[in-house]
Amino acid sequence: MRQDSIFSRSDSEEKNSFSALEVKEKTPVLLLLVSIVVALLFAVPFFYLAVRNIVNINDLANIFFSKLTFYPLMKTLYLACTVSIVASFIGVVLAWITIRTDVYWGSFWRIVCPLPLVFPSFVVGTTLISAYSPGGFFEFIFLPLGIEQFHRLDGYIGSFLVLTFITFPYVYLPVAARFSTLPSSTEEASRLLGYNSLATFKRVTLPQIFPTIRAGTLLIFLYVVSDFGVVQLMGYSTLTTRIFNTRLADTELSLALGLVLGIVALLIVLGERFFSKELNLVNDNPAIRPIKLKLGRWQPIALLTLLITLGAGLFSPIIILFWWAYRGFVNQTAGFATTSDLMTLALPTVNTVGMSVSAALATVLLVLPIAFLVTRFRSVLITPINAIIVSGFALPGLVVALSIVFLSINVTGFYFLYQTLPILLLAYIIHFGAQAYRTAQVGVLNLDNRLSEVARTLGTGRLLLLIKIELPQMLPALAAGGGLVMLSTMKELPATLLASPIGFKTLATHIWALNEAGFLADAGVASLLLVILSAVLTWLVVIRNSTHLR
Amino acid sequence: MKKYICSFLGIVILSTLFIACDNTDEESLVIYSGRSQYLINPILDAFAESTGIDVQVRYGGSVDLALLIEEEGEKSPADVYISKSPGPVAYLAERGLLSDLPEDVLEISPGSDAGNWVAVSGRQRVLVYNRENVTESELPESIFELTEDKWKGRLAIAPRNGSFQDFFTLFRLQHGDDIALDWLEQMVANDVKVYANNNSIVQATARGEVDGGLVNHYYNARLKVENPDTPSENHRFVDGDSGSVTIATVAGIIPSGNEKNAEKLIRFLLDTAAQQYFTDRTYEYPVLAGIESKHDLSKPPTIDFGDFNILGSGLERTLELIREAGFDI
């Protein structure tokens with residue numbers, strides 16, 4: 001699992017000439033075919049929306065250009081833009097502190113930084129409201145300090161704050177992986193030439209990590225577009241809340257808005273690709289450890305930054321969950337309704353681990369061919385394939401879940417898979433593929449092509465080359481992307497509820513059901529278990545597989 | 001690590017094969033339930049035990065399950081659909097996706113005029129209030145009093161939530177659209193606070209963030225179990241007032257060829273044992289006369305669905321009125 005440092009020891013100046021050669025190669029037919037098949041799977045939700053809207057094609061134009069579409073669309077875009085800018089800034093700062101400085105308890109921070117992603121969004125929303133609203137949990141801590149009344153946590157500000165503090169890991173995780181493999185030689189040179197840390201960061205480091213930041217920022221943007229739990233709790237109307245709130249009373253409007261959302265997402269992803277410059281990265285040299293900046297008297301500031309950010313997105317929810325569980329423990333007669341029998345948690349835990357790890361692995365395997373295709377070759381199909389895979393992440397989970405049901409019910413040859421684990425896995429892959437895909441691209445870009453050339457000259461087959469030489473090099477990037485998919489799967493609700501085998505339960509569905517029934521103490525215990533589980537899995541899947549993150 | 005992953009993937013594939021080969025010889029029943037697992041599962045287990053029928057349940061949101069059944073169409077594995085409120089069942093009935101229920105079942109409990117769904121248990125609409133901020137003499141008799149000046153900025157509603165929408169549908173069917181809209185507009189003018197759902201209103205009331213709000217009675221009863229010190233209390237409007245309507249949990253049968261077992265279940269849910277369970281354990285109102293509750297739920301309310309069977313299109317009108325009153329929904 002370790003990166004093999006012996007093969008990587010080479011001069012970075014010579015490497016780039018080989019990347020240039022490879023781009024001009026002809027696209028292998030097999031690679032193109034595999035990519036097309038995968039892309040077709042990812043197109044299922046869009047196809048579903050198109051089919052379901054065709055019956056109302058006459059009203060479609062009216063709905064597209066009505067007030068009911070325009071205002072929530074503008075509000076969605078406003079929220080998504082502001083959150084993605086601030087959250088990606090936070091993600092970069094945290095990655096820099098945890099990877100590039102000698103901050104105290106570094107390995108602890110590296111494990112907990114990605115974790116805000118793991119809470120189902122209604123859990124974060126509810127707990128943070130309990131914590132920071134007037135009369136909330138933290139009031140009696142703040143009251144003696146003279147701060148009298150908090151403003152109610154709601155609307156745009158509430159949505160913005162909560163979403164920012166739970167989405168920054170989409171940038172943190174890939175950027176941390178990138179930081180950890182970036183050669184320090186150029187930065188050292190810059191320092192020797194007399195530039196200070198800030199100037200070095202701006203001129204040397206930032207251009208190197210910028211493509212990774214941009215990829216992560218796009219994920220945050222799309223996540224915010226798709227989110228329902230937080231914005232609904234905050235009473236902020238977006239396209240997604242309107243899709244949900246009208247899905248029964250006005251199904252036509254709901255489906256049309258789903259199509260609008262899909263089209264907007266496609267346009268945004270196409271636009272991002274159009275405006276982004278060609279990626280041109282300095283190849284990694286994992287043999288050289290990145291420099292760790294000595295923080296010295298800045299140490300407290302770095303710690304405070306970590307504490308505030310994670311305090312909002314991770315520690316506050318945990319404290320509230322503990323409080324709920326404690327209350328249930330004190331009122332034992334009725335407080336714990338289900339957790340008293342610990343077996344009720346065992347099966348959902350096993351299912352959660354199994355599905356999230358399988359989803360991570362399967363997603364990485366499926367998007368890898370496409371990452372090769374898009375990065376290495378030129379074809380007219382690349383732009384649409386790229387757009388379909390990435391923009392699926394913006395669709396509300398319910399649409400993805402229903403589209404999978406639609407596929408299994410209506411397409412011949414799929415029905416025997418209906419309500420089985422493989423079809424559920426497919427739903428996860430389609431919904432979260434974008435998260436692994438972008439980091440896989442960075443992984444492919446960073447491949448040391450000279451090594452591959454040498455291996456090929458020595459007669460190594462393509463498959464062996466991939467397994468022995470290329471996969472180990474890409475492992476940190478793939479692990480970061482797989483980690484994002486894993487954390488997202490752990491909290492997934494709509495597809496798990498609708499498309500799983502009947503009776504199949506995960507921790508997330510367990511928490512959801514408890515919350516619906518107002519069993520807060522039990523929900524608290526199950527949510528805490530989910531956090532602990534995510535920490536263990538993050539260590540196993542992400543940290544252990546990227547040597548430098550350890 | 002790799003071994004674990006491989007073995008799990010193996011299990012996934014194997015389980016698929018098993019599911020595909022699953023024989024359906026024995027008596028079985030598939031239920032889609034929008035009613036929460038922890039409130040209804042014990043009684044479904046009791047049904048399985050007493051009849052020997054193999055019961056399988058898919059739990060989910062009521063609305064999402066209704067959309068799922070519609071998407072599945074004729075291939076739906078579901079035999080029975082249980083919904084938290086009448087809205088989603090009416091949606092399925094309107095699309096012809098529910099079977100007719102036997103006459104005698106419809107006589108036990110209130111249901112739709114068309115005869116394809118019945119109420120199983122009821123939850124009361126109430127005003128939850130914070131006893132530290134509202135005195136008992138202040139408490140209103142009718143929902144119409146909430147538009148008075150003294151309530152300005154003190155109350156909460158959840159206009160995007162299904163149970164508020166069901167209440168408002170009954171309200172406008174009782175008094176007409178004009179009066180209902182006028183009431184809601186006056187509530188807005190009275191600076192009513194907006195929340196996402198019943199639970200968030202109950203918790204906001206308990207915190208003292210608002211003085212009270214319109215909710216189903218269940219959530220505060222549950223909060224009192226979790227936290228006996230909570231200052232939040234339920235208050236019932238007078239009988240017959242639109243504020244004290246009953247939101248019923250309802251059940252219907254999907255035409256799947258398994259109607260015999262499905263009817264057995266519905267009869268079981270309407271029988272004394274199940275009704276006693278609902279009143280004692282989940283704080284619900286029984287639909288059967290003569291059930292004594294150990295909680296303060298002794299007075300069985302009259303459940304009047306009125307024109308609720310036309311709810312499918314009726315809900316769309318409700319949504320229009322809520323929008324007209326100024327809510328972004």
# chains A, B, ... in the order shown; residues from 1 in each chain; ligands from 1
>>> residues_around(residues="segment 149-151 of chain B", least_positions_apart="3", cutoff="12 Å", atoms="only C-alpha atoms", output="PyMOL selection string")
chain B and resi 129+133-134+138-140+143-146+154-156+186-193+210-213
>>> select_by_dssp(residues="segment 9-183 of chain B", states="strand (DSSP E or B)", output="PDB file with N, CA and C atoms, in the first residue's frame")
ATOM      1  N   SER B  28     -46.963 -14.362   3.064  1.00  0.00           N
ATOM      2  CA  SER B  28     -46.123 -13.207   3.361  1.00  0.00           C
ATOM      3  C   SER B  28     -46.889 -11.916   3.107  1.00  0.00           C
ATOM      4  N   LEU B  29     -46.330 -10.825   3.618  1.00  0.00           N
ATOM      5  CA  LEU B  29     -46.963  -9.525   3.455  1.00  0.00           C
ATOM      6  C   LEU B  29     -45.872  -8.467   3.419  1.00  0.00           C
ATOM      7  N   VAL B  30     -45.921  -7.611   2.391  1.00  0.00           N
ATOM      8  CA  VAL B  30     -44.941  -6.527   2.292  1.00  0.00           C
ATOM      9  C   VAL B  30     -45.633  -5.207   2.600  1.00  0.00           C
ATOM     10  N   ILE B  31     -45.087  -4.490   3.576  1.00  0.00           N
ATOM     11  CA  ILE B  31     -45.686  -3.224   3.999  1.00  0.00           C
ATOM     12  C   ILE B  31     -44.719  -2.090   3.695  1.00  0.00           C
ATOM     13  N   TYR B  32     -45.212  -1.008   3.118  1.00  0.00           N
ATOM     14  CA  TYR B  32     -44.441   0.235   3.024  1.00  0.00           C
ATOM     15  C   TYR B  32     -45.020   1.163   4.085  1.00  0.00           C
ATOM     16  N   SER B  33     -44.200   1.548   5.055  1.00  0.00           N
ATOM     17  CA  SER B  33     -44.734   2.355   6.150  1.00  0.00           C
ATOM     18  C   SER B  33     -44.069   3.722   6.273  1.00  0.00           C
ATOM     19  N   ASP B  54     -45.300 -14.009   7.258  1.00  0.00           N
ATOM     20  CA  ASP B  54     -43.975 -13.411   7.204  1.00  0.00           C
ATOM     21  C   ASP B  54     -44.106 -11.939   6.775  1.00  0.00           C
ATOM     22  N   VAL B  55     -43.871 -11.034   7.711  1.00  0.00           N
ATOM     23  CA  VAL B  55     -44.079  -9.609   7.446  1.00  0.00           C
ATOM     24  C   VAL B  55     -42.752  -8.915   7.146  1.00  0.00           C
ATOM     25  N   GLN B  56     -42.710  -8.197   6.034  1.00  0.00           N
ATOM     26  CA  GLN B  56     -41.524  -7.409   5.714  1.00  0.00           C
ATOM     27  C   GLN B  56     -41.941  -5.950   5.563  1.00  0.00           C
ATOM     28  N   VAL B  57     -41.154  -5.047   6.154  1.00  0.00           N
ATOM     29  CA  VAL B  57     -41.536  -3.639   6.147  1.00  0.00           C
ATOM     30  C   VAL B  57     -40.427  -2.769   5.568  1.00  0.00           C
ATOM     31  N   ARG B  58     -40.806  -1.879   4.672  1.00  0.00           N
ATOM     32  CA  ARG B  58     -39.896  -0.824   4.219  1.00  0.00           C
ATOM     33  C   ARG B  58     -40.333   0.481   4.865  1.00  0.00           C
ATOM     34  N   TYR B  59     -39.459   1.066   5.686  1.00  0.00           N
ATOM     35  CA  TYR B  59     -39.786   2.339   6.323  1.00  0.00           C
ATOM     36  C   TYR B  59     -39.202   3.484   5.524  1.00  0.00           C
ATOM     37  N   VAL B  80     -49.416  -3.380   1.428  1.00  0.00           N
ATOM     38  CA  VAL B  80     -50.112  -2.406   2.262  1.00  0.00           C
ATOM     39  C   VAL B  80     -49.276  -1.142   2.340  1.00  0.00           C
ATOM     40  N   TYR B  81     -49.941   0.010   2.308  1.00  0.00           N
ATOM     41  CA  TYR B  81     -49.245   1.278   2.466  1.00  0.00           C
ATOM     42  C   TYR B  81     -49.814   1.988   3.682  1.00  0.00           C
ATOM     43  N   ILE B  82     -48.922   2.369   4.604  1.00  0.00           N
ATOM     44  CA  ILE B  82     -49.352   3.094   5.797  1.00  0.00           C
ATOM     45  C   ILE B  82     -48.740   4.485   5.740  1.00  0.00           C
ATOM     46  N   SER B  83     -49.577   5.509   5.894  1.00  0.00           N
ATOM     47  CA  SER B  83     -49.082   6.874   5.782  1.00  0.00           C
ATOM     48  C   SER B  83     -49.318   7.643   7.069  1.00  0.00           C
ATOM     49  N   GLY B 111     -62.944   6.886   6.991  1.00  0.00           N
ATOM     50  CA  GLY B 111     -62.044   6.725   5.859  1.00  0.00           C
ATOM     51  C   GLY B 111     -62.490   7.590   4.708  1.00  0.00           C
ATOM     52  N   VAL B 118     -58.467   3.895   5.254  1.00  0.00           N
ATOM     53  CA  VAL B 118     -59.102   4.152   6.552  1.00  0.00           C
ATOM     54  C   VAL B 118     -58.097   4.731   7.547  1.00  0.00           C
ATOM     55  N   ALA B 119     -58.645   5.452   8.523  1.00  0.00           N
ATOM     56  CA  ALA B 119     -57.810   5.958   9.611  1.00  0.00           C
ATOM     57  C   ALA B 119     -57.480   4.807  10.559  1.00  0.00           C
ATOM     58  N   VAL B 120     -56.251   4.807  11.063  1.00  0.00           N
ATOM     59  CA  VAL B 120     -55.812   3.751  11.970  1.00  0.00           C
ATOM     60  C   VAL B 120     -55.653   4.289  13.386  1.00  0.00           C
ATOM     61  N   SER B 121     -55.160   5.524  13.479  1.00  0.00           N
ATOM     62  CA  SER B 121     -55.008   6.179  14.780  1.00  0.00           C
ATOM     63  C   SER B 121     -54.928   7.672  14.510  1.00  0.00           C
ATOM     64  N   GLY B 122     -55.029   8.468  15.576  1.00  0.00           N
ATOM     65  CA  GLY B 122     -55.084   9.902  15.329  1.00  0.00           C
ATOM     66  C   GLY B 122     -54.131  10.711  16.189  1.00  0.00           C
ATOM     67  N   ARG B 123     -53.658  11.801  15.641  1.00  0.00           N
ATOM     68  CA  ARG B 123     -52.900  12.771  16.420  1.00  0.00           C
ATOM     69  C   ARG B 123     -53.649  14.096  16.400  1.00  0.00           C
ATOM     70  N   GLN B 124     -53.642  14.768  17.532  1.00  0.00           N
ATOM     71  CA  GLN B 124     -54.425  15.979  17.701  1.00  0.00           C
ATOM     72  C   GLN B 124     -53.593  17.208  17.353  1.00  0.00           C
ATOM     73  N   ARG B 125     -54.200  18.144  16.628  1.00  0.00           N
ATOM     74  CA  ARG B 125     -53.521  19.442  16.462  1.00  0.00           C
ATOM     75  C   ARG B 125     -53.688  20.205  17.770  1.00  0.00           C
ATOM     76  N   VAL B 126     -52.620  20.795  18.272  1.00  0.00           N
ATOM     77  CA  VAL B 126     -52.670  21.537  19.530  1.00  0.00           C
ATOM     78  C   VAL B 126     -51.828  22.804  19.424  1.00  0.00           C
ATOM     79  N   LEU B 127     -51.923  23.632  20.470  1.00  0.00           N
ATOM     80  CA  LEU B 127     -50.998  24.743  20.630  1.00  0.00           C
ATOM     81  C   LEU B 127     -49.992  24.306  21.682  1.00  0.00           C
ATOM     82  N   VAL B 128     -48.720  24.155  21.295  1.00  0.00           N
ATOM     83  CA  VAL B 128     -47.694  23.887  22.304  1.00  0.00           C
ATOM     84  C   VAL B 128     -47.241  25.251  22.827  1.00  0.00           C
ATOM     85  N   TYR B 129     -47.129  25.384  24.162  1.00  0.00           N
ATOM     86  CA  TYR B 129     -46.742  26.689  24.707  1.00  0.00           C
ATOM     87  C   TYR B 129     -45.742  26.509  25.839  1.00  0.00           C
ATOM     88  N   ASN B 130     -45.003  27.578  26.119  1.00  0.00           N
ATOM     89  CA  ASN B 130     -44.025  27.562  27.192  1.00  0.00           C
ATOM     90  C   ASN B 130     -44.676  28.132  28.448  1.00  0.00           C
ATOM     91  N   LEU B 155     -45.705  33.539  18.224  1.00  0.00           N
ATOM     92  CA  LEU B 155     -46.115  32.192  17.819  1.00  0.00           C
ATOM     93  C   LEU B 155     -45.355  31.670  16.601  1.00  0.00           C
ATOM     94  N   ALA B 156     -45.423  30.345  16.453  1.00  0.00           N
ATOM     95  CA  ALA B 156     -44.719  29.699  15.342  1.00  0.00           C
ATOM     96  C   ALA B 156     -45.640  28.751  14.582  1.00  0.00           C
ATOM     97  N   ILE B 157     -45.447  28.665  13.262  1.00  0.00           N
ATOM     98  CA  ILE B 157     -46.125  27.651  12.441  1.00  0.00           C
ATOM     99  C   ILE B 157     -45.098  27.015  11.492  1.00  0.00           C
TER     100      ILE B 157
END
>>> atom_distance(atom1="atom CA of Gly524 of chain A", atom2="atom CA of Pro494 of chain A")
20.7 Å
>>> closest_atom_pairs(of="chain A", to="chain B", cutoff="7 Å", atoms="only C-alpha atoms", output="JSON lines")
{"residue": "A:Pro134", "atom": "CA", "partner": "B:Glu209", "partner_atom": "CA", "distance": 5.5}
{"residue": "A:Gly135", "atom": "CA", "partner": "B:Arg207", "partner_atom": "CA", "distance": 4.7}
{"residue": "A:Gly136", "atom": "CA", "partner": "B:Arg207", "partner_atom": "CA", "distance": 6.1}
{"residue": "A:Gln232", "atom": "CA", "partner": "B:Ala196", "partner_atom": "CA", "distance": 6.1}
{"residue": "A:Leu233", "atom": "CA", "partner": "B:Ala196", "partner_atom": "CA", "distance": 5.0}
{"residue": "A:Gly235", "atom": "CA", "partner": "B:Ala196", "partner_atom": "CA", "distance": 6.4}
{"residue": "A:Ser237", "atom": "CA", "partner": "B:Asp328", "partner_atom": "CA", "distance": 6.6}
{"residue": "A:Arg242", "atom": "CA", "partner": "B:Ile329", "partner_atom": "CA", "distance": 6.0}
{"residue": "A:Asn245", "atom": "CA", "partner": "B:Arg160", "partner_atom": "CA", "distance": 6.5}
{"residue": "A:Leu248", "atom": "CA", "partner": "B:Val63", "partner_atom": "CA", "distance": 6.7}
{"residue": "A:Ala249", "atom": "CA", "partner": "B:Glu316", "partner_atom": "CA", "distance": 4.7}
{"residue": "A:Asp250", "atom": "CA", "partner": "B:Glu316", "partner_atom": "CA", "distance": 6.0}
{"residue": "A:Arg327", "atom": "CA", "partner": "B:Asn227", "partner_atom": "CA", "distance": 6.5}
{"residue": "A:Gly328", "atom": "CA", "partner": "B:Glu226", "partner_atom": "CA", "distance": 5.8}
{"residue": "A:Asn331", "atom": "CA", "partner": "B:Glu226", "partner_atom": "CA", "distance": 7.0}
{"residue": "A:Ala334", "atom": "CA", "partner": "B:Val225", "partner_atom": "CA", "distance": 6.1}
{"residue": "A:Gly335", "atom": "CA", "partner": "B:Glu226", "partner_atom": "CA", "distance": 5.2}
{"residue": "A:Gly354", "atom": "CA", "partner": "B:Phe8", "partner_atom": "CA", "distance": 6.3}
{"residue": "A:Ser358", "atom": "CA", "partner": "B:Ile5", "partner_atom": "CA", "distance": 6.7}
{"residue": "A:Leu402", "atom": "CA", "partner": "B:Leu68", "partner_atom": "CA", "distance": 6.9}
{"residue": "A:Phe406", "atom": "CA", "partner": "B:Glu71", "partner_atom": "CA", "distance": 6.5}
{"residue": "A:Ile409", "atom": "CA", "partner": "B:Glu72", "partner_atom": "CA", "distance": 6.4}
{"residue": "A:Phe416", "atom": "CA", "partner": "B:Ala20", "partner_atom": "CA", "distance": 6.5}
{"residue": "A:Thr420", "atom": "CA", "partner": "B:Thr16", "partner_atom": "CA", "distance": 6.0}
{"residue": "A:Leu421", "atom": "CA", "partner": "B:Val12", "partner_atom": "CA", "distance": 6.1}
{"residue": "A:Pro422", "atom": "CA", "partner": "B:Val12", "partner_atom": "CA", "distance": 6.8}
{"residue": "A:Leu497", "atom": "CA", "partner": "B:Gly60", "partner_atom": "CA", "distance": 5.7}
{"residue": "A:Ile502", "atom": "CA", "partner": "B:Arg58", "partner_atom": "CA", "distance": 5.5}
{"residue": "A:Gly503", "atom": "CA", "partner": "B:Arg58", "partner_atom": "CA", "distance": 5.9}
{"residue": "A:Ala513", "atom": "CA", "partner": "B:Ser36", "partner_atom": "CA", "distance": 5.9}
{"residue": "A:Glu516", "atom": "CA", "partner": "B:Ser36", "partner_atom": "CA", "distance": 6.6}
{"residue": "A:Ala517", "atom": "CA", "partner": "B:Ser36", "partner_atom": "CA", "distance": 6.1}
{"residue": "A:Gly518", "atom": "CA", "partner": "B:Arg222", "partner_atom": "CA", "distance": 6.3}
>>> atom_distance(atom1="atom CA of Arg214 of chain A", atom2="atom CA of Ile99 of chain A")
19.1 Å
>>> atom_distance(atom1="atom CA of Leu153 of chain A", atom2="atom CA of Phe228 of chain A")
16.5 Å
>>> closest_residue(among="B:Val105, B:Leu98, B:Leu184, B:Ile43", to="Leu288 of chain B", atoms="only C-alpha atoms")
B:Val105
>>> residues_around(residues="segment 103-106 of chain A", least_positions_apart="4", cutoff="8 Å", atoms="only C-alpha atoms", output="list in words")
Ile97, Thr98, Ile99, Arg110, Leu295, Gln299, Ala302 and Leu303 of chain A
>>> write_last_selection(atoms="N, CA and C atoms", output="mmCIF file, in the first residue's frame")
data_model
loop_
_atom_site.group_PDB
_atom_site.id
_atom_site.type_symbol
_atom_site.label_atom_id
_atom_site.label_comp_id
_atom_site.auth_asym_id
_atom_site.auth_seq_id
_atom_site.Cartn_x
_atom_site.Cartn_y
_atom_site.Cartn_z
ATOM 1 N N ILE A 97 -2.391 24.219 7.489
ATOM 2 C CA ILE A 97 -1.988 24.121 8.898
ATOM 3 C C ILE A 97 -1.663 22.678 9.284
ATOM 4 N N THR A 98 -2.541 21.758 8.878
ATOM 5 C CA THR A 98 -2.352 20.379 9.365
ATOM 6 C C THR A 98 -1.227 19.645 8.636
ATOM 7 N N ILE A 99 -0.949 20.019 7.372
ATOM 8 C CA ILE A 99 0.065 19.274 6.618
ATOM 9 C C ILE A 99 1.398 20.003 6.602
ATOM 10 N N ARG A 110 -5.541 15.771 11.616
ATOM 11 C CA ARG A 110 -5.642 15.183 10.268
ATOM 12 C C ARG A 110 -6.756 14.143 10.204
ATOM 13 N N LEU A 295 5.845 26.878 13.558
ATOM 14 C CA LEU A 295 4.858 27.913 13.881
ATOM 15 C C LEU A 295 5.328 28.867 14.976
ATOM 16 N N GLN A 299 1.644 29.362 16.986
ATOM 17 C CA GLN A 299 0.998 28.108 17.365
ATOM 18 C C GLN A 299 -0.435 28.295 17.898
ATOM 19 N N ALA A 302 -2.954 29.107 15.127
ATOM 20 C CA ALA A 302 -3.265 27.941 14.298
ATOM 21 C C ALA A 302 -4.243 27.030 15.034
ATOM 22 N N LEU A 303 -3.987 26.803 16.313
ATOM 23 C CA LEU A 303 -4.867 25.929 17.095
ATOM 24 C C LEU A 303 -6.265 26.518 17.200
#
>>> select_by_dssp(residues="segment 106-276 of chain B", states="helix (DSSP H, G or I)", output="number ranges by chain")
B: 106-108, 136-138, 143-147, 149-151, 162-175, 177-189, 198-207, 218-226, 242-244, 259-269, 272-276
>>> residues_around(residues="Gln441 of chain A", least_positions_apart="4", cutoff="9 Å", atoms="only C-alpha atoms", output="ChimeraX atom specification")
/A:368,370-372,374-375,436-437,445-446,477
>>> write_last_selection(atoms="N, CA and C atoms", output="PDB file, in the first residue's frame")
ATOM      1  N   LEU A 368     -11.972   5.722 -12.668  1.00  0.00           N
ATOM      2  CA  LEU A 368     -10.570   5.773 -13.068  1.00  0.00           C
ATOM      3  C   LEU A 368     -10.363   5.749 -14.584  1.00  0.00           C
ATOM      4  N   ILE A 370     -12.274   6.838 -16.827  1.00  0.00           N
ATOM      5  CA  ILE A 370     -12.683   8.131 -17.372  1.00  0.00           C
ATOM      6  C   ILE A 370     -11.646   9.199 -17.060  1.00  0.00           C
ATOM      7  N   ALA A 371     -11.063   9.110 -15.857  1.00  0.00           N
ATOM      8  CA  ALA A 371     -10.014  10.067 -15.503  1.00  0.00           C
ATOM      9  C   ALA A 371      -8.847   9.943 -16.475  1.00  0.00           C
ATOM     10  N   PHE A 372      -8.486   8.708 -16.846  1.00  0.00           N
ATOM     11  CA  PHE A 372      -7.416   8.505 -17.834  1.00  0.00           C
ATOM     12  C   PHE A 372      -7.802   9.108 -19.173  1.00  0.00           C
ATOM     13  N   VAL A 374     -10.021  11.432 -19.940  1.00  0.00           N
ATOM     14  CA  VAL A 374     -10.157  12.882 -19.969  1.00  0.00           C
ATOM     15  C   VAL A 374      -8.805  13.563 -19.852  1.00  0.00           C
ATOM     16  N   THR A 375      -7.891  12.969 -19.083  1.00  0.00           N
ATOM     17  CA  THR A 375      -6.623  13.617 -18.829  1.00  0.00           C
ATOM     18  C   THR A 375      -5.610  13.379 -19.946  1.00  0.00           C
ATOM     19  N   ALA A 436     -15.040  11.233  -6.379  1.00  0.00           N
ATOM     20  CA  ALA A 436     -13.833  10.444  -6.608  1.00  0.00           C
ATOM     21  C   ALA A 436     -13.208  10.812  -7.947  1.00  0.00           C
ATOM     22  N   TYR A 437     -14.058  11.236  -8.878  1.00  0.00           N
ATOM     23  CA  TYR A 437     -13.607  11.483 -10.244  1.00  0.00           C
ATOM     24  C   TYR A 437     -12.605  12.636 -10.333  1.00  0.00           C
ATOM     25  N   LEU A 445      -2.958  12.982 -13.549  1.00  0.00           N
ATOM     26  CA  LEU A 445      -2.085  14.071 -13.990  1.00  0.00           C
ATOM     27  C   LEU A 445      -0.708  13.990 -13.351  1.00  0.00           C
ATOM     28  N   ASN A 446      -0.675  13.532 -12.126  1.00  0.00           N
ATOM     29  CA  ASN A 446       0.581  13.532 -11.396  1.00  0.00           C
ATOM     30  C   ASN A 446       1.434  12.301 -11.637  1.00  0.00           C
ATOM     31  N   ALA A 477      -4.234  10.325  -3.947  1.00  0.00           N
ATOM     32  CA  ALA A 477      -5.349  11.038  -4.581  1.00  0.00           C
ATOM     33  C   ALA A 477      -6.600  10.173  -4.608  1.00  0.00           C
TER      34      ALA A 477
END
>>> residues_around(residues="Val364 of chain A", least_positions_apart="4", cutoff="9 Å", atoms="only C-alpha atoms", output="count of residues only")
13
>>> closest_residue(among="B:Ile322, B:Pro42, B:Arg281, B:Asn116", to="Asp166 of chain B", atoms="only C-alpha atoms")
B:Ile322
